[in-house]
Amino acid sequence: MKTQLIAAAACLPMLCSAESELLSNMFVFGKRQPQGGSGMAEEAPGAYDQPEWLGSRRFATTRAYIQQDPWEVGVEQWWRSRSDGGEWSHLFQEELEIGLPYRFQLDVYADWTLEDGDTDYKDTAVELRWALANWGKIPLNPTLYFEYKWVDADRGGNVVEPKILLSEDFGCGWHWAMNFVWEKELTDSQSEEWAVTQAISKTLIDSKLSVGLEMTYKWETSIGSRDNPESQFNIGPSIQWRPTTNSHVDVVTLFGTTEDGPDFEGWLVLGWDFGSGTHEDKAFAPVTRRQ
């Protein structure tokens, strides 16, 4: 069953691309779509020619290209709720996003947890991403990502996490992203994680409402268990609502399919972008709608 789910997930981009070609000349929401454009969230390119849907984090588990244009700032509040064997734990994250020139973006965030009735500080992290080229110049728009995490001494060792981010849109409101991840704890148990995450969404109301599917596959080991890795595959639906041009609300519910993974993992992300909210009145001609 797990193998079938993974195979089906890998085929999602191809299915969406086929649908995009079939619907390219059909009516969407009462308006005929012109050749070469969907008239939806792919329009209004940012400073790096990226489409409008990238301007706010679309996926909680998968990052995509650049989210903030140069010198734009955004803030997000995260809540992750996890159930494993009937026991619940909660993680809260406050994040600051800063767009930089030359297709860079800098993010800073802090995590704290609520477990067994106790609230504790967990870590502080800095992440930097760099898109190799303007949107559409290289297939799948590759973006390099590096994160360093300072972890509370009682919670483990500091962590490094490089990623390769891929993202694309297929027209007709279909958006896709995939991340290849390696995470390494530098001290303590020296846990090591390899992961692949993937997400896809479909716009229902332009710049207002979209639904999608997100999935994560993780393979993790630590000192003393290198030959006995833990693996987990989680999958579930997502939805995003944009109450205003500058705000977004994301809800993701993932369900575990393996013994090593949690039974349930849910995400709620509230975001606000400080900026004009449109690209037309900007003095520059970047991005990411992210995860």
# chains A, B, ... in the order shown; residues from 1 in each chain; ligands from 1
call {"tool": "select_by_dssp", "arguments": {"residues": "region 137-218 of chain A", "states": "strand (DSSP E or B)", "output": "number ranges by chain"}}
result
A: 143-151, 159-171, 174-185, 192-205, 209-218
call {"tool": "select_by_dssp", "arguments": {"residues": "region 19-256 of chain A", "states": "helix (DSSP H, G or I)", "output": "list of chain:residue names"}}
result
A:Glu19, A:Ser20, A:Glu21, A:Leu22, A:Leu23, A:Glu52, A:Trp53, A:Leu54, A:Gly55, A:Ala153, A:Asp154, A:Arg155
call {"tool": "write_last_selection", "arguments": {"atoms": "N, CA, C and O atoms", "output": "PDB file, in the first residue's frame"}}
result
ATOM      1  N   GLU A  19      -3.440  17.756 -17.688  1.00  0.00           N
ATOM      2  CA  GLU A  19      -4.712  18.460 -17.554  1.00  0.00           C
ATOM      3  C   GLU A  19      -4.578  19.900 -18.027  1.00  0.00           C
ATOM      4  O   GLU A  19      -5.456  20.461 -18.661  1.00  0.00           O
ATOM      5  N   SER A  20      -3.413  20.515 -17.724  1.00  0.00           N
ATOM      6  CA  SER A  20      -3.193  21.898 -18.132  1.00  0.00           C
ATOM      7  C   SER A  20      -3.288  22.043 -19.643  1.00  0.00           C
ATOM      8  O   SER A  20      -3.882  22.977 -20.170  1.00  0.00           O
ATOM      9  N   GLU A  21      -2.692  21.065 -20.381  1.00  0.00           N
ATOM     10  CA  GLU A  21      -2.732  21.128 -21.842  1.00  0.00           C
ATOM     11  C   GLU A  21      -4.153  20.950 -22.357  1.00  0.00           C
ATOM     12  O   GLU A  21      -4.584  21.618 -23.296  1.00  0.00           O
ATOM     13  N   LEU A  22      -4.906  20.046 -21.743  1.00  0.00           N
ATOM     14  CA  LEU A  22      -6.279  19.808 -22.181  1.00  0.00           C
ATOM     15  C   LEU A  22      -7.176  21.016 -21.957  1.00  0.00           C
ATOM     16  O   LEU A  22      -8.069  21.311 -22.750  1.00  0.00           O
ATOM     17  N   LEU A  23      -6.912  21.764 -20.849  1.00  0.00           N
ATOM     18  CA  LEU A  23      -7.800  22.854 -20.475  1.00  0.00           C
ATOM     19  C   LEU A  23      -7.330  24.224 -20.938  1.00  0.00           C
ATOM     20  O   LEU A  23      -7.950  25.233 -20.636  1.00  0.00           O
ATOM     21  N   GLU A  52       2.644  35.185  -9.244  1.00  0.00           N
ATOM     22  CA  GLU A  52       2.071  35.776  -8.033  1.00  0.00           C
ATOM     23  C   GLU A  52       1.870  34.761  -6.907  1.00  0.00           C
ATOM     24  O   GLU A  52       1.974  35.108  -5.732  1.00  0.00           O
ATOM     25  N   TRP A  53       1.588  33.504  -7.213  1.00  0.00           N
ATOM     26  CA  TRP A  53       1.307  32.519  -6.161  1.00  0.00           C
ATOM     27  C   TRP A  53       2.504  32.282  -5.253  1.00  0.00           C
ATOM     28  O   TRP A  53       2.355  31.831  -4.117  1.00  0.00           O
ATOM     29  N   LEU A  54       3.710  32.610  -5.716  1.00  0.00           N
ATOM     30  CA  LEU A  54       4.907  32.416  -4.907  1.00  0.00           C
ATOM     31  C   LEU A  54       5.100  33.515  -3.870  1.00  0.00           C
ATOM     32  O   LEU A  54       5.963  33.416  -3.009  1.00  0.00           O
ATOM     33  N   GLY A  55       4.321  34.579  -3.929  1.00  0.00           N
ATOM     34  CA  GLY A  55       4.503  35.710  -3.032  1.00  0.00           C
ATOM     35  C   GLY A  55       4.091  35.447  -1.603  1.00  0.00           C
ATOM     36  O   GLY A  55       4.352  36.248  -0.720  1.00  0.00           O
ATOM     37  N   ALA A 153      20.592  23.272  24.808  1.00  0.00           N
ATOM     38  CA  ALA A 153      21.480  22.174  25.205  1.00  0.00           C
ATOM     39  C   ALA A 153      20.724  20.982  25.752  1.00  0.00           C
ATOM     40  O   ALA A 153      21.181  19.833  25.629  1.00  0.00           O
ATOM     41  N   ASP A 154      19.567  21.218  26.344  1.00  0.00           N
ATOM     42  CA  ASP A 154      18.774  20.107  26.892  1.00  0.00           C
ATOM     43  C   ASP A 154      17.980  19.370  25.827  1.00  0.00           C
ATOM     44  O   ASP A 154      17.362  18.328  26.115  1.00  0.00           O
ATOM     45  N   ARG A 155      17.965  19.908  24.578  1.00  0.00           N
ATOM     46  CA  ARG A 155      17.147  19.308  23.519  1.00  0.00           C
ATOM     47  C   ARG A 155      17.993  18.640  22.434  1.00  0.00           C
ATOM     48  O   ARG A 155      17.444  18.129  21.459  1.00  0.00           O
TER      49      ARG A 155
END
call {"tool": "residues_around", "arguments": {"residues": "Val211 (chain A)", "least_positions_apart": "4", "cutoff": "8 Å", "atoms": "only C-alpha atoms", "output": "PDB file with N, CA and C atoms, in the first residue's frame"}}
result
ATOM      1  N   SER A 201      -0.895  22.065  -5.569  1.00  0.00           N
ATOM      2  CA  SER A 201      -2.128  22.773  -5.224  1.00  0.00           C
ATOM      3  C   SER A 201      -2.856  23.208  -6.490  1.00  0.00           C
ATOM      4  N   LYS A 202      -4.142  23.451  -6.316  1.00  0.00           N
ATOM      5  CA  LYS A 202      -5.003  23.906  -7.409  1.00  0.00           C
ATOM      6  C   LYS A 202      -5.758  25.148  -6.943  1.00  0.00           C
ATOM      7  N   THR A 203      -5.633  26.238  -7.693  1.00  0.00           N
ATOM      8  CA  THR A 203      -6.352  27.458  -7.372  1.00  0.00           C
ATOM      9  C   THR A 203      -7.832  27.301  -7.715  1.00  0.00           C
ATOM     10  N   LEU A 204      -8.695  27.612  -6.733  1.00  0.00           N
ATOM     11  CA  LEU A 204     -10.137  27.572  -6.966  1.00  0.00           C
ATOM     12  C   LEU A 204     -10.706  28.960  -7.193  1.00  0.00           C
ATOM     13  N   PRO A 237      -4.251  16.391   2.845  1.00  0.00           N
ATOM     14  CA  PRO A 237      -4.711  17.574   2.110  1.00  0.00           C
ATOM     15  C   PRO A 237      -4.243  18.879   2.745  1.00  0.00           C
ATOM     16  N   SER A 238      -4.275  19.933   1.935  1.00  0.00           N
ATOM     17  CA  SER A 238      -3.961  21.279   2.413  1.00  0.00           C
ATOM     18  C   SER A 238      -4.942  22.268   1.800  1.00  0.00           C
ATOM     19  N   ILE A 239      -5.059  23.420   2.455  1.00  0.00           N
ATOM     20  CA  ILE A 239      -5.910  24.493   1.947  1.00  0.00           C
ATOM     21  C   ILE A 239      -5.274  25.830   2.308  1.00  0.00           C
ATOM     22  N   GLN A 240      -5.383  26.785   1.416  1.00  0.00           N
ATOM     23  CA  GLN A 240      -4.912  28.136   1.713  1.00  0.00           C
ATOM     24  C   GLN A 240      -6.018  29.149   1.400  1.00  0.00           C
TER      25      GLN A 240
END
call {"tool": "residues_around", "arguments": {"residues": "Gly156 (chain A)", "least_positions_apart": "6", "cutoff": "10 Å", "atoms": "only C-alpha atoms", "output": "PyMOL selection string"}}
result
chain A and resi 122-123+150+185-191
call {"tool": "atom_distance", "arguments": {"atom1": "CA of Gln198 (chain A)", "atom2": "CA of Ile164 (chain A)"}}
result
12.0 Å
call {"tool": "residues_around", "arguments": {"residues": "region 59-72 of chain A", "least_positions_apart": "6", "cutoff": "8 Å", "atoms": "only C-alpha atoms", "output": "NGL selection string"}}
result
:A and (46-47 or 97-101 or 103-105 or 129-131 or 141-143 or 165-167 or 177-179 or 197-199 or 214-216 or 238 or 250 or 252 or 267 or 269 or 273-275 or 286-291)
call {"tool": "write_last_selection", "arguments": {"atoms": "C-alpha atoms", "output": "short mmCIF file (atom, residue, chain, number, x, y, z; two decimals), in the first residue's frame"}}
result
data_model
loop_
_atom_site.label_atom_id
_atom_site.label_comp_id
_atom_site.auth_asym_id
_atom_site.auth_seq_id
_atom_site.Cartn_x
_atom_site.Cartn_y
_atom_site.Cartn_z
CA GLY A 46 7.56 39.54 -9.24
CA ALA A 47 11.01 41.04 -9.30
CA GLU A 97 11.32 36.77 6.32
CA ILE A 98 13.49 39.34 4.52
CA GLY A 99 13.89 39.56 0.76
CA LEU A 100 17.40 40.41 -0.47
CA PRO A 101 18.76 41.43 -3.89
CA ARG A 103 17.56 36.30 -5.72
CA PHE A 104 18.41 35.80 -2.04
CA GLN A 105 16.07 35.51 0.94
CA ARG A 129 18.05 30.56 0.08
CA TRP A 130 19.31 31.54 -3.36
CA ALA A 131 17.52 30.99 -6.66
CA ASN A 141 13.51 26.70 -11.10
CA PRO A 142 16.18 25.19 -8.79
CA THR A 143 16.92 27.07 -5.57
CA LEU A 165 14.16 23.36 -3.82
CA LEU A 166 12.32 22.69 -7.08
CA SER A 167 9.06 24.36 -8.10
CA ALA A 177 7.09 22.01 -5.44
CA MET A 178 9.57 19.36 -4.30
CA ASN A 179 12.46 19.49 -1.79
CA THR A 197 8.89 16.38 0.36
CA GLN A 198 6.40 17.18 -2.37
CA ALA A 199 3.29 19.34 -2.63
CA GLU A 214 1.27 17.47 0.61
CA MET A 215 3.50 14.53 1.43
CA THR A 216 6.80 13.83 3.19
CA SER A 238 -3.96 21.28 2.41
CA ASP A 250 -2.61 27.74 5.56
CA VAL A 252 -2.33 21.11 6.36
CA TRP A 267 -0.09 22.59 10.55
CA VAL A 269 0.29 28.96 9.39
CA ASP A 273 3.57 40.41 4.18
CA PHE A 274 4.62 44.04 4.65
CA GLY A 275 4.63 45.57 1.20
CA PRO A 286 11.44 38.32 -6.57
CA VAL A 287 9.54 35.96 -4.41
CA THR A 288 8.22 32.84 -3.04
CA ARG A 289 4.91 31.95 -2.06
CA ARG A 290 6.54 29.18 -0.12
CA GLN A 291 5.29 26.34 2.02
#
call {"tool": "closest_residue", "arguments": {"among": "A:Leu209, A:Glu168, A:Gly136, A:Asp84", "to": "Gly261 (chain A)", "atoms": "only C-alpha atoms"}}
result
A:Asp84
